[in-house]
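Peer 1: Sharing upload_9.cif, mmCIF, C-alpha atoms:
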```cif
data_upload
#
loop_
_atom_site.label_atom_id
_atom_site.label_comp_id
_atom_site.auth_asym_id
_atom_site.auth_seq_id
_atom_site.Cartn_x
_atom_site.Cartn_y
_atom_site.Cartn_z
CA MET U 1 24.44 1.97 -2.31
CA GLU U 2 25.00 -1.20 -0.35
CA TYR U 3 22.25 -3.82 -0.10
CA VAL U 4 21.90 -6.41 2.64
CA ALA U 5 19.06 -8.85 3.33
CA PRO U 6 19.52 -10.28 6.82
CA SER U 7 17.35 -13.10 8.13
CA THR U 8 17.27 -12.01 11.78
CA LEU U 9 16.37 -8.77 13.54
CA GLU U 10 19.72 -8.73 15.38
CA GLU U 11 21.60 -8.67 12.07
CA ALA U 12 19.25 -5.99 10.77
CA TYR U 13 19.86 -3.75 13.81
CA ARG U 14 23.62 -4.02 13.29
CA ALA U 15 23.31 -3.31 9.56
CA LEU U 16 21.19 -0.22 10.25
CA ASP U 17 23.90 1.32 12.41
CA ALA U 18 25.37 3.40 9.57
CA ASP U 19 24.85 6.92 8.27
CA ASP U 20 21.91 7.09 5.87
CA ALA U 21 21.07 3.40 6.21
CA ARG U 22 17.39 2.69 5.53
CA CYS U 23 15.03 -0.23 5.96
CA LEU U 24 13.45 -1.59 2.80
CA ALA U 25 10.04 -3.10 3.56
CA GLY U 26 7.66 -3.35 0.57
CA GLY U 27 9.45 -0.50 -1.22
CA GLN U 28 6.21 1.07 -2.43
CA SER U 29 7.12 4.50 -1.02
CA LEU U 30 10.90 4.23 -0.61
CA VAL U 31 11.69 3.06 -4.15
CA ALA U 32 9.36 5.72 -5.58
CA MET U 33 11.31 8.36 -3.60
CA MET U 34 14.62 6.86 -4.74
CA ASN U 35 13.45 6.98 -8.38
CA LEU U 36 12.47 10.62 -7.93
CA GLY U 37 15.87 11.41 -6.37
CA ILE U 38 14.32 12.50 -3.05
CA VAL U 39 16.33 9.98 -1.00
CA SER U 40 19.55 8.12 -1.76
CA PRO U 41 20.40 5.78 1.11
CA SER U 42 24.00 4.63 1.61
CA ARG U 43 22.78 1.19 2.60
CA LEU U 44 19.49 -0.62 2.24
CA VAL U 45 18.55 -3.23 4.81
CA SER U 46 15.86 -5.44 3.26
CA LEU U 47 13.44 -6.81 5.87
CA ARG U 48 11.96 -9.34 3.45
CA ARG U 49 13.70 -12.43 4.88
CA ILE U 50 13.02 -11.72 8.56
CA SER U 51 10.29 -14.14 9.64
CA ALA U 52 9.98 -12.46 13.06
CA LEU U 53 8.31 -9.50 11.30
CA ARG U 54 5.51 -11.61 9.85
CA GLY U 55 2.31 -13.12 11.15
CA ILE U 56 -0.82 -11.99 12.96
CA THR U 57 -1.35 -13.39 16.47
CA ALA U 58 -4.01 -12.93 19.14
CA GLU U 59 -2.52 -11.87 22.48
CA ARG U 60 -3.82 -13.12 25.83
CA ASP U 61 -5.61 -9.85 26.62
CA GLY U 62 -7.62 -10.06 23.39
CA SER U 63 -5.48 -7.59 21.45
CA LEU U 64 -4.07 -8.44 18.05
CA ARG U 65 -0.34 -8.30 17.30
CA ILE U 66 0.25 -7.67 13.61
CA GLY U 67 3.78 -8.19 12.25
CA ALA U 68 5.26 -5.11 10.56
CA MET U 69 5.85 -6.91 7.24
CA THR U 70 2.15 -7.81 6.90
CA SER U 71 1.05 -6.58 3.48
CA HIS U 72 -1.95 -4.32 2.88
CA ALA U 73 -3.57 -7.22 0.98
CA GLU U 74 -3.12 -9.60 3.93
CA LEU U 75 -4.57 -6.99 6.27
CA ALA U 76 -7.46 -6.27 3.89
CA ALA U 77 -8.40 -9.96 3.99
CA LEU U 78 -8.47 -9.98 7.80
CA ASP U 79 -11.86 -11.00 9.18
CA ALA U 80 -11.54 -9.19 12.49
CA PRO U 81 -14.23 -9.45 15.15
CA VAL U 82 -12.58 -6.64 17.16
CA ALA U 83 -13.42 -3.04 16.22
CA GLY U 84 -9.85 -1.73 16.15
CA ALA U 85 -8.57 -4.48 13.88
CA ALA U 86 -11.67 -4.24 11.69
CA LEU U 87 -10.91 -0.54 11.29
CA LEU U 88 -7.36 -1.33 10.20
CA ALA U 89 -8.64 -3.92 7.70
CA GLN U 90 -11.08 -1.36 6.26
CA ALA U 91 -8.26 1.14 5.86
CA ALA U 92 -6.04 -1.50 4.20
CA ARG U 93 -8.72 -2.15 1.56
CA VAL U 94 -8.50 1.44 0.29
CA VAL U 95 -4.71 1.84 0.29
CA ALA U 96 -3.62 2.52 -3.30
CA TYR U 97 -4.10 -0.21 -5.94
CA PRO U 98 -3.98 -4.04 -6.01
CA ALA U 99 -0.29 -4.17 -7.04
CA VAL U 100 0.73 -1.78 -4.26
CA ARG U 101 -1.42 -3.63 -1.72
CA ALA U 102 0.25 -6.92 -2.65
CA PHE U 103 3.71 -5.70 -1.59
CA GLY U 104 3.31 -2.55 0.51
CA THR U 105 3.47 -3.24 4.24
CA LEU U 106 1.83 -1.97 7.42
CA GLY U 107 5.18 -1.32 9.11
CA GLY U 108 6.59 0.47 6.08
CA SER U 109 3.62 2.82 5.87
CA VAL U 110 3.71 3.48 9.63
CA ALA U 111 7.44 4.29 9.60
CA HIS U 112 7.01 6.52 6.53
CA ALA U 113 4.23 8.50 8.29
CA ASP U 114 2.77 10.23 5.26
CA PRO U 115 0.02 12.48 6.68
CA ALA U 116 -2.20 11.53 3.73
CA ALA U 117 -1.77 7.79 4.34
CA ASP U 118 -4.55 5.62 5.71
CA TYR U 119 -2.96 3.72 8.61
CA PRO U 120 -1.88 6.61 10.87
CA VAL U 121 -5.51 7.77 11.09
CA ALA U 122 -6.86 4.27 11.74
CA LEU U 123 -4.16 3.45 14.32
CA VAL U 124 -4.74 6.66 16.30
CA ALA U 125 -8.51 6.02 16.36
CA ALA U 126 -7.97 2.37 17.36
CA ASP U 127 -5.64 3.43 20.20
CA ALA U 128 -3.05 1.06 18.76
CA VAL U 129 0.52 0.69 19.97
CA ILE U 130 3.60 0.68 17.74
CA GLU U 131 6.19 -1.90 18.79
CA VAL U 132 9.68 -0.76 17.96
CA GLY U 133 12.88 -2.80 18.25
CA SER U 134 16.60 -2.05 18.32
CA ALA U 135 19.80 -3.68 19.56
CA ALA U 136 18.96 -2.12 22.94
CA GLY U 137 15.62 -3.96 23.15
CA ASN U 138 11.96 -3.35 22.40
CA ARG U 139 9.70 -0.46 23.36
CA ARG U 140 6.03 0.17 22.80
CA ILE U 141 4.84 3.61 21.73
CA PRO U 142 1.14 4.59 21.61
CA ALA U 143 0.11 5.62 18.08
CA THR U 144 -1.06 8.93 19.55
CA ASP U 145 2.60 9.70 20.44
CA PHE U 146 4.27 7.93 17.53
CA PHE U 147 3.15 10.22 14.68
CA ARG U 148 4.80 13.54 15.48
CA ALA U 149 4.81 15.71 12.38
CA LEU U 150 5.04 15.64 8.59
CA PHE U 151 6.87 12.34 7.81
CA GLU U 152 8.23 12.47 11.35
CA THR U 153 7.81 9.75 13.99
CA ALA U 154 9.14 8.76 17.41
CA LEU U 155 11.33 6.17 15.69
CA GLY U 156 15.00 6.55 16.64
CA ARG U 157 18.13 5.83 14.65
CA SER U 158 18.67 2.08 14.09
CA GLU U 159 15.16 1.29 15.32
CA ILE U 160 12.74 -0.85 13.32
CA VAL U 161 8.94 -0.95 13.55
CA THR U 162 8.47 -4.62 14.45
CA ALA U 163 4.71 -4.92 15.03
CA ILE U 164 1.45 -3.08 15.60
CA ILE U 165 -0.69 -4.03 18.59
CA VAL U 166 -4.39 -3.29 18.27
CA PRO U 167 -6.30 -3.45 21.57
CA ALA U 168 -9.54 -5.41 21.82
CA GLY U 169 -11.51 -2.41 23.14
CA PRO U 170 -15.06 -2.70 24.51
CA ALA U 171 -16.97 -5.66 23.06
CA ALA U 172 -19.86 -3.53 21.83
CA SER U 173 -17.71 -1.02 19.92
CA ARG U 174 -17.88 -0.75 16.15
CA ALA U 175 -15.66 0.90 13.59
CA ALA U 176 -15.72 2.59 10.21
CA TYR U 177 -13.18 4.26 7.93
CA GLU U 178 -14.32 6.93 5.51
CA LYS U 179 -11.94 8.19 2.86
CA LEU U 180 -12.60 10.89 0.30
CA SER U 181 -10.25 10.83 -2.68
CA LEU U 182 -10.30 12.11 -6.26
CA VAL U 183 -10.21 8.58 -7.68
CA ALA U 184 -10.14 5.15 -6.04
CA GLY U 185 -6.63 4.34 -4.85
CA ASP U 186 -5.34 7.90 -4.67
CA PHE U 187 -4.15 9.42 -1.41
CA ALA U 188 -6.98 10.91 0.61
CA ILE U 189 -8.24 14.45 0.35
CA LEU U 190 -9.53 13.77 3.83
CA SER U 191 -10.11 10.61 5.84
CA VAL U 192 -11.90 9.83 9.09
CA ALA U 193 -11.61 6.76 11.29
CA ALA U 194 -14.31 6.25 13.91
CA ILE U 195 -14.76 3.83 16.79
CA VAL U 196 -18.24 4.05 18.24
CA GLU U 197 -19.66 2.70 21.45
CA ARG U 198 -21.75 5.02 23.66
CA THR U 199 -19.71 7.91 22.35
CA ALA U 200 -17.48 8.23 19.31
CA ARG U 201 -13.70 8.28 19.19
CA VAL U 202 -12.68 9.89 15.91
CA ALA U 203 -9.36 10.49 14.15
CA VAL U 204 -9.10 12.79 11.14
CA GLY U 205 -6.33 12.44 8.59
CA CYS U 206 -4.95 14.76 5.94
CA CYS U 207 -6.00 17.80 7.94
CA GLY U 208 -2.60 18.69 9.36
CA PRO U 209 0.86 17.17 9.85
CA ARG U 210 -0.47 14.35 12.07
CA PRO U 211 -3.86 12.73 12.72
CA ILE U 212 -6.26 14.78 14.86
CA LEU U 213 -7.92 12.83 17.67
CA ALA U 214 -11.26 13.69 19.26
CA THR U 215 -12.82 11.51 21.94
CA GLY U 216 -16.12 11.30 23.80
CA LEU U 217 -18.19 12.78 20.97
CA ALA U 218 -21.94 12.58 21.55
CA LEU U 219 -23.75 10.59 18.88
CA ASN U 220 -26.82 12.73 18.20
CA ASP U 221 -26.70 14.59 14.88
CA THR U 222 -26.61 18.16 16.14
CA ALA U 223 -23.95 17.58 18.79
CA LEU U 224 -21.81 15.48 16.48
CA ARG U 225 -21.90 18.05 13.69
CA GLU U 226 -21.10 20.83 16.15
CA ALA U 227 -18.14 18.87 17.56
CA ALA U 228 -16.90 18.12 14.04
CA ARG U 229 -17.12 21.84 13.16
CA LYS U 230 -14.91 22.60 16.15
CA ILE U 231 -12.34 20.04 14.94
CA ALA U 232 -12.41 21.72 11.51
CA ASP U 233 -11.95 25.21 13.01
CA ALA U 234 -8.95 24.08 15.07
CA SER U 235 -7.35 22.08 12.22
CA ASP U 236 -4.47 23.16 10.01
CA PRO U 237 -5.17 21.42 6.69
CA PRO U 238 -2.82 21.75 3.73
CA SER U 239 -3.72 23.31 0.38
CA ASP U 240 -2.36 21.13 -2.40
CA HIS U 241 -3.18 19.84 -5.88
CA ARG U 242 -5.93 17.64 -4.43
CA ALA U 243 -7.90 20.28 -2.54
CA SER U 244 -7.66 23.62 -0.76
CA ALA U 245 -7.47 23.97 3.02
CA ALA U 246 -10.86 25.71 2.98
CA TYR U 247 -12.44 22.81 1.10
CA ARG U 248 -11.00 20.30 3.58
CA ARG U 249 -12.38 22.29 6.54
CA LYS U 250 -15.76 22.52 4.85
CA ILE U 251 -16.18 18.79 4.18
CA LEU U 252 -14.70 17.60 7.48
CA PRO U 253 -17.95 17.71 9.52
CA GLU U 254 -19.85 15.73 6.86
CA LEU U 255 -17.14 13.07 6.67
CA VAL U 256 -17.05 12.72 10.48
CA CYS U 257 -20.83 12.23 10.53
CA ARG U 258 -20.64 9.67 7.73
CA ALA U 259 -17.93 7.67 9.52
CA VAL U 260 -19.86 7.61 12.81
CA ARG U 261 -23.11 6.63 11.05
CA ALA U 262 -21.33 3.91 9.06
CA ALA U 263 -19.83 2.50 12.26
CA GLN U 264 -23.29 2.30 13.85
CA GLN U 265 -24.76 0.28 10.97
CA MET H 1 29.60 5.47 -6.21
CA THR H 2 26.81 3.09 -7.02
CA SER H 3 27.75 -0.49 -6.37
CA LYS H 4 26.73 -3.40 -8.54
CA LEU H 5 25.76 -6.90 -7.57
CA PRO H 6 25.49 -10.18 -9.48
CA MET H 7 22.08 -11.82 -9.36
CA THR H 8 20.02 -14.55 -10.96
CA LEU H 9 16.48 -13.58 -11.90
CA ASN H 10 13.84 -16.15 -12.77
CA VAL H 11 11.91 -14.42 -15.58
CA ASN H 12 9.22 -16.15 -17.66
CA GLY H 13 10.43 -19.54 -16.45
CA GLU H 14 14.10 -19.00 -17.38
CA PRO H 15 16.99 -18.16 -15.05
CA HIS H 16 18.98 -15.10 -16.13
CA ASP H 17 22.41 -14.28 -14.65
CA LEU H 18 23.19 -10.59 -14.70
CA ILE H 19 24.98 -7.80 -12.91
CA ALA H 20 22.98 -4.72 -11.99
CA ALA H 21 23.32 -1.59 -9.88
CA THR H 22 21.87 -2.03 -6.40
CA THR H 23 19.61 0.95 -7.17
CA ALA H 24 18.30 -0.60 -10.41
CA THR H 25 14.62 -1.46 -10.40
CA LEU H 26 13.20 -4.66 -11.81
CA LEU H 27 11.82 -2.49 -14.62
CA ASP H 28 15.32 -1.17 -15.46
CA VAL H 29 16.75 -4.68 -15.58
CA LEU H 30 13.87 -6.16 -17.61
CA ARG H 31 14.13 -3.48 -20.27
CA SER H 32 17.88 -2.81 -20.38
CA SER H 33 19.63 -6.04 -19.37
CA LEU H 34 17.10 -8.61 -20.56
CA GLU H 35 15.71 -6.55 -23.48
CA LEU H 36 12.16 -7.44 -22.47
CA THR H 37 10.72 -4.10 -23.58
CA GLY H 38 7.07 -5.14 -23.41
CA THR H 39 7.02 -3.85 -19.83
CA LYS H 40 6.72 -0.06 -20.12
CA ARG H 41 8.15 2.81 -18.11
CA GLY H 42 5.37 5.34 -17.61
CA CYS H 43 5.54 7.41 -14.45
CA ASN H 44 8.37 5.45 -12.75
CA HIS H 45 6.86 6.04 -9.30
CA GLY H 46 4.05 3.54 -9.02
CA VAL H 47 1.01 5.48 -10.20
CA CYS H 48 0.36 4.51 -13.84
CA GLY H 49 0.58 0.70 -13.89
CA ALA H 50 2.34 0.47 -17.29
CA CYS H 51 5.22 -1.45 -15.64
CA THR H 52 2.99 -4.09 -14.01
CA VAL H 53 4.41 -7.61 -13.90
CA LEU H 54 3.67 -10.72 -11.86
CA LEU H 55 6.09 -11.23 -8.97
CA ASP H 56 5.58 -14.48 -7.12
CA GLY H 57 2.22 -14.72 -8.91
CA LYS H 58 1.03 -11.37 -7.55
CA LEU H 59 0.57 -8.06 -9.35
CA ALA H 60 3.65 -5.90 -8.82
CA ARG H 61 4.94 -2.52 -9.90
CA SER H 62 8.30 -3.39 -11.45
CA CYS H 63 9.31 0.29 -11.07
CA LEU H 64 8.85 0.01 -7.27
CA THR H 65 10.68 -3.31 -6.99
CA LEU H 66 14.46 -3.27 -6.65
CA ALA H 67 16.00 -5.95 -8.88
CA VAL H 68 18.41 -6.94 -6.14
CA ASP H 69 15.49 -7.58 -3.73
CA VAL H 70 13.61 -9.92 -6.10
CA GLY H 71 15.69 -12.92 -5.04
CA GLU H 72 14.25 -16.34 -5.85
CA ARG H 73 10.71 -15.10 -6.55
CA PRO H 74 9.55 -15.82 -10.13
CA VAL H 75 8.75 -12.90 -12.46
CA THR H 76 6.30 -13.04 -15.37
CA THR H 77 6.24 -10.25 -17.94
CA VAL H 78 3.85 -9.69 -20.85
CA GLU H 79 6.32 -11.63 -23.05
CA GLY H 80 5.70 -14.72 -20.89
CA ILE H 81 1.93 -14.46 -20.60
CA SER H 82 0.91 -16.40 -23.73
CA GLY H 83 3.19 -19.44 -23.28
CA ASN H 84 3.71 -21.07 -26.67
CA GLU H 85 0.63 -19.45 -28.23
CA ALA H 86 0.72 -16.25 -30.27
CA PHE H 87 -1.71 -14.55 -27.88
CA SER H 88 -3.23 -15.44 -24.54
CA PRO H 89 -7.06 -15.38 -24.20
CA VAL H 90 -6.76 -11.97 -22.48
CA GLN H 91 -4.65 -10.55 -25.31
CA GLN H 92 -7.02 -11.99 -27.94
CA ALA H 93 -10.04 -10.52 -26.14
CA LEU H 94 -8.41 -7.07 -26.09
CA ILE H 95 -7.63 -7.34 -29.82
CA ASP H 96 -11.15 -8.54 -30.68
CA ALA H 97 -12.79 -5.75 -28.69
CA GLY H 98 -10.59 -3.05 -30.26
CA ALA H 99 -9.41 -2.23 -26.75
CA ILE H 100 -5.98 -1.02 -27.86
CA GLN H 101 -5.36 2.56 -28.92
CA CYS H 102 -1.76 3.78 -28.59
CA GLY H 103 -0.95 0.51 -26.83
CA PHE H 104 1.47 1.88 -24.25
CA CYS H 105 -0.67 0.85 -21.27
CA THR H 106 -1.75 -2.46 -22.82
CA PRO H 107 0.97 -4.72 -21.33
CA GLY H 108 0.02 -3.55 -17.83
CA PHE H 109 -3.68 -4.20 -18.51
CA VAL H 110 -2.84 -7.65 -19.94
CA ILE H 111 -0.96 -8.57 -16.75
CA ALA H 112 -3.69 -7.20 -14.45
CA LEU H 113 -6.46 -9.05 -16.32
CA SER H 114 -4.41 -12.26 -16.49
CA GLU H 115 -3.93 -12.18 -12.71
CA LEU H 116 -7.65 -11.51 -12.19
CA PHE H 117 -8.90 -14.32 -14.43
CA ALA H 118 -6.40 -16.82 -13.01
CA ARG H 119 -7.96 -16.08 -9.62
CA GLU H 120 -11.59 -15.38 -10.62
CA PRO H 121 -12.51 -16.97 -13.99
CA HIS H 122 -16.04 -15.50 -13.80
CA ALA H 123 -15.16 -12.06 -12.46
CA GLY H 124 -17.99 -9.55 -12.73
CA ARG H 125 -17.87 -5.91 -13.75
CA GLU H 126 -17.07 -4.57 -10.28
CA GLN H 127 -14.26 -7.09 -9.78
CA ILE H 128 -12.88 -6.17 -13.21
CA ARG H 129 -13.01 -2.47 -12.39
CA ALA H 130 -11.31 -3.04 -9.03
CA ALA H 131 -8.60 -5.21 -10.62
CA LEU H 132 -7.88 -2.50 -13.21
CA SER H 133 -8.01 0.41 -10.73
CA GLY H 134 -4.22 0.69 -10.70
CA ASN H 135 -3.81 0.94 -14.48
CA LEU H 136 -4.10 4.23 -16.33
CA CYS H 137 -4.95 4.52 -20.03
CA ARG H 138 -4.03 8.01 -21.22
CA CYS H 139 -6.12 7.48 -24.36
CA SER H 140 -8.97 6.89 -21.89
CA GLY H 141 -10.06 3.73 -23.67
CA TYR H 142 -11.47 2.12 -20.57
CA VAL H 143 -14.90 1.22 -21.97
CA LYS H 144 -13.55 -1.20 -24.55
CA ILE H 145 -10.99 -2.63 -22.12
CA ILE H 146 -13.75 -3.45 -19.66
CA GLU H 147 -15.94 -4.83 -22.48
CA ALA H 148 -13.07 -7.10 -23.50
CA ALA H 149 -12.70 -8.33 -19.94
CA GLU H 150 -16.44 -8.93 -19.63
CA SER H 151 -16.45 -10.97 -22.84
CA LEU H 152 -13.71 -13.10 -21.32
CA ALA H 153 -15.59 -13.58 -18.07
CA GLY H 154 -18.67 -14.70 -20.01
CA ALA H 155 -16.63 -17.09 -22.19
CA ALA H 156 -14.84 -18.80 -19.33
CA PRO H 157 -15.87 -22.46 -18.84
#
```
Using the file provided, produce a representation of the structure as structure tokens.

Peer 2:
Amino acid sequence: MEYVAPSTLEEAYRALDADDARCLAGGQSLVAMMNLGIVSPSRLVSLRRISALRGITAERDGSLRIGAMTSHAELAALDAPVAGAALLAQAARVVAYPAVRAFGTLGGSVAHADPAADYPVALVAADAVIEVGSAAGNRRIPATDFFRALFETALGRSEIVTAIIVPAGPAASRAAYEKLSLVAGDFAILSVAAIVERTARVAVGCCGPRPILATGLALNDTALREAARKIADASDPPSDHRASAAYRRKILPELVCRAVRAAQQ
Amino acid sequence: MTSKLPMTLNVNGEPHDLIAATTATLLDVLRSSLELTGTKRGCNHGVCGACTVLLDGKLARSCLTLAVDVGERPVTTVEGISGNEAFSPVQQALIDAGAIQCGFCTPGFVIALSELFAREPHAGREQIRAALSGNLCRCSGYVKIIEAAESLAGAAP
């Protein structure tokens, strides 16, 4: 395996143009998969020295542009007044353990697209946009289109996730992230991200190959629970060592209600 | 063919020149090349915390860190935690509380608690529990580990 650590994006794009070349961000998923023999890249392109992938900046329209190499710990410490960014910060606080949060990155997790991960759910609920770069230029892909299937994204060959843009959203909106896991730090059994204003916009994770989005949900208890039951009925959750599909469907309505209530508080 | 690269790692305040496979983790290099076997290989995929070291002053899984990607960032292992003393205050507290059973997880707990108390000398129970959430003890000796940490928090000036 070759290893390169370029200091500019242009060099990184060139280095990625090889069969089985992979980006190395924080390494918290990729190196684990390499150790387990699941992937063996021909070339690793470390993104660690590229300053263009770092930093959190407020855009003119009130949205927040978060560099792809922002760590979970940096994101967890974000004091965000905007609902979408606050949601992302809440999700970052429950990603794995302190050591993983110190080095794992937002961009790495987004590109990996584990259906049990926390960011895909939060980004879909926040209506965030994934900024992707390549030698051909940049493009912006809505999170709702970016996550396509199990570990599958809209990312093309030689493209790098460069930033995440979280829109400001309505001023009165509030957010909450609810995660149910066997122990703190484990991947979710089920997770729900909610943005609430006059109605709720909800994304459910770990209940299929990509986050499920439901919008315009009425906030009163009966209607909300009924809507959540419909999401559960239409979902295709996995059965794995953490929980059965039936269990996930059964707890989904309760977790949706909890997330919406938590956002309102 | 796995290629190898020369590198200089700054471990416990000393530079070490070595040649390692590009696929070698920091854990591999610490244990095999530098013979610093205090850092343990448990699960080797980031779950158990036995391989925890400080990288650039932050808690890191050495099994999820490629040696070649460490670069200039300083590494501290359990061998470097006590300086010139026999034991650091964290290590002494664990000994005094009887918080060591088989001992395999202990280096990881020592590193995690050292990082916590460097940052929060008066950390409370919840902070201690959060700081240790990424470290597994298969003997399940958590009660005494947390008691040791609490004694340290109380003793801090």

Peer 1: At most 10 Å is the cut-off: for each residue in chain H with any atom that close to an atom of chain U, write down the nearest atom pair and the distance in Å rounded to one decimal, counting only C-alpha atoms, chain first then increasing number, as JSON lines.

Peer 2:
```
{"residue": "H:Met1", "atom": "CA", "partner": "U:Met1", "partner_atom": "CA", "distance": 7.4}
{"residue": "H:Thr2", "atom": "CA", "partner": "U:Met1", "partner_atom": "CA", "distance": 5.4}
{"residue": "H:Ser3", "atom": "CA", "partner": "U:Met1", "partner_atom": "CA", "distance": 5.8}
{"residue": "H:Lys4", "atom": "CA", "partner": "U:Met1", "partner_atom": "CA", "distance": 8.5}
{"residue": "H:Leu5", "atom": "CA", "partner": "U:Tyr3", "partner_atom": "CA", "distance": 8.8}
{"residue": "H:Ala21", "atom": "CA", "partner": "U:Met1", "partner_atom": "CA", "distance": 8.4}
{"residue": "H:Thr22", "atom": "CA", "partner": "U:Met1", "partner_atom": "CA", "distance": 6.3}
{"residue": "H:Thr23", "atom": "CA", "partner": "U:Met1", "partner_atom": "CA", "distance": 6.9}
{"residue": "H:Ala24", "atom": "CA", "partner": "U:Asn35", "partner_atom": "CA", "distance": 9.2}
{"residue": "H:Thr25", "atom": "CA", "partner": "U:Val31", "partner_atom": "CA", "distance": 8.3}
{"residue": "H:Cys43", "atom": "CA", "partner": "U:Ala32", "partner_atom": "CA", "distance": 9.8}
{"residue": "H:Asn44", "atom": "CA", "partner": "U:Asn35", "partner_atom": "CA", "distance": 6.9}
{"residue": "H:His45", "atom": "CA", "partner": "U:Ala32", "partner_atom": "CA", "distance": 4.5}
{"residue": "H:Gly46", "atom": "CA", "partner": "U:Ala32", "partner_atom": "CA", "distance": 6.7}
{"residue": "H:Val47", "atom": "CA", "partner": "U:Tyr97", "partner_atom": "CA", "distance": 8.8}
{"residue": "H:Gly49", "atom": "CA", "partner": "U:Ala99", "partner_atom": "CA", "distance": 8.4}
{"residue": "H:Thr52", "atom": "CA", "partner": "U:Ala99", "partner_atom": "CA", "distance": 7.7}
{"residue": "H:Val53", "atom": "CA", "partner": "U:Ala99", "partner_atom": "CA", "distance": 9.0}
{"residue": "H:Leu54", "atom": "CA", "partner": "U:Ala99", "partner_atom": "CA", "distance": 9.0}
{"residue": "H:Leu55", "atom": "CA", "partner": "U:Phe103", "partner_atom": "CA", "distance": 9.5}
{"residue": "H:Lys58", "atom": "CA", "partner": "U:Ala102", "partner_atom": "CA", "distance": 6.7}
{"residue": "H:Leu59", "atom": "CA", "partner": "U:Ala99", "partner_atom": "CA", "distance": 4.6}
{"residue": "H:Ala60", "atom": "CA", "partner": "U:Ala99", "partner_atom": "CA", "distance": 4.7}
{"residue": "H:Arg61", "atom": "CA", "partner": "U:Ala99", "partner_atom": "CA", "distance": 6.2}
{"residue": "H:Ser62", "atom": "CA", "partner": "U:Ala99", "partner_atom": "CA", "distance": 9.7}
{"residue": "H:Cys63", "atom": "CA", "partner": "U:Ala32", "partner_atom": "CA", "distance": 7.7}
{"residue": "H:Leu64", "atom": "CA", "partner": "U:Val31", "partner_atom": "CA", "distance": 5.2}
{"residue": "H:Thr65", "atom": "CA", "partner": "U:Gly27", "partner_atom": "CA", "distance": 6.5}
{"residue": "H:Leu66", "atom": "CA", "partner": "U:Val31", "partner_atom": "CA", "distance": 7.3}
{"residue": "H:Val68", "atom": "CA", "partner": "U:Tyr3", "partner_atom": "CA", "distance": 7.8}
{"residue": "H:Asp69", "atom": "CA", "partner": "U:Ser46", "partner_atom": "CA", "distance": 7.3}
{"residue": "H:Val70", "atom": "CA", "partner": "U:Arg48", "partner_atom": "CA", "distance": 9.7}
{"residue": "H:Gly71", "atom": "CA", "partner": "U:Ala5", "partner_atom": "CA", "distance": 9.9}
{"residue": "H:Ala112", "atom": "CA", "partner": "U:Ala99", "partner_atom": "CA", "distance": 8.7}
{"residue": "H:Ala130", "atom": "CA", "partner": "U:Pro98", "partner_atom": "CA", "distance": 8.0}
{"residue": "H:Ala131", "atom": "CA", "partner": "U:Pro98", "partner_atom": "CA", "distance": 6.6}
{"residue": "H:Leu132", "atom": "CA", "partner": "U:Pro98", "partner_atom": "CA", "distance": 8.3}
{"residue": "H:Ser133", "atom": "CA", "partner": "U:Tyr97", "partner_atom": "CA", "distance": 6.2}
{"residue": "H:Gly134", "atom": "CA", "partner": "U:Tyr97", "partner_atom": "CA", "distance": 4.8}
{"residue": "H:Asn135", "atom": "CA", "partner": "U:Tyr97", "partner_atom": "CA", "distance": 8.6}
```

Peer 1: Expand the PyMOL selection byres ((chain U and resi 127) around 8) into the explicit residue set it covers here, and present it as a list in words.

Peer 2: Gly84, Leu123, Val124, Ala125, Ala126, Ala128, Val129, Pro142, Ala143, Thr144, Val166 and Pro167 of chain U

Peer 1: Could you tell me how far atom CA of H:Cys102 lies from atom CA of H:Ser151, in Å and to one decimal?

Peer 2: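 Computing it gives 21.6 Å between the two atoms.
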
Peer 1: Translate the PyMOL selection byres ((chain U and resi 60-64) around 12), as applied to the file shown, into an explicit residue set as a ChimeraX atom specification.

Peer 2: /U:55-59,65-67,75,78,80-86,88,126-130,163-171

Peer 1: Care to translate the PyMOL selection byres ((chain H and resi 37) around 12) into actual residues of this file, as a PyMOL selection string?

Peer 2: chain H and resi 27-36+38-41+50-51+77-79+104+107

Peer 1: I'd like the neighbourhood of H:Ile81 as a ChimeraX atom specification, where a residue qualifies if any of its atoms comes within 12 Å (using all atoms listed in the file), though same-chain residues fewer than 6 positions away should be ignored.

Peer 2: /H:11-13,38-39,53-54,57,75,87-92,107-115,118

Peer 1: Using all atoms listed in the file for the distances, tell me which of H:Asp56, H:Thr8, H:Ala149, H:Ser82 is nearest to H:Pro121.

Peer 2: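 Nearest to H:Pro121: H:Ala149.
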
Peer 1: Can you list, as a PDB file with C-alpha atoms, keeping the file's coordinate frame, every protein, DNA or RNA residue that comes within 10 Å of U:Pro209 when you count only C-alpha atoms, leaving out same-chain residues fewer than 6 positions away?

Peer 2:
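Saved to around-v6.pdb:
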```
ATOM      1  CA  ALA U 113       4.230   8.500   8.290  1.00  0.00           C
ATOM      2  CA  ASP U 114       2.770  10.230   5.260  1.00  0.00           C
ATOM      3  CA  PRO U 115       0.020  12.480   6.680  1.00  0.00           C
ATOM      4  CA  ALA U 116      -2.200  11.530   3.730  1.00  0.00           C
ATOM      5  CA  PHE U 147       3.150  10.220  14.680  1.00  0.00           C
ATOM      6  CA  ARG U 148       4.800  13.540  15.480  1.00  0.00           C
ATOM      7  CA  ALA U 149       4.810  15.710  12.380  1.00  0.00           C
ATOM      8  CA  LEU U 150       5.040  15.640   8.590  1.00  0.00           C
ATOM      9  CA  PHE U 151       6.870  12.340   7.810  1.00  0.00           C
ATOM     10  CA  GLU U 152       8.230  12.470  11.350  1.00  0.00           C
ATOM     11  CA  SER U 235      -7.350  22.080  12.220  1.00  0.00           C
ATOM     12  CA  ASP U 236      -4.470  23.160  10.010  1.00  0.00           C
ATOM     13  CA  PRO U 237      -5.170  21.420   6.690  1.00  0.00           C
ATOM     14  CA  PRO U 238      -2.820  21.750   3.730  1.00  0.00           C
TER      15      PRO U 238
END
```
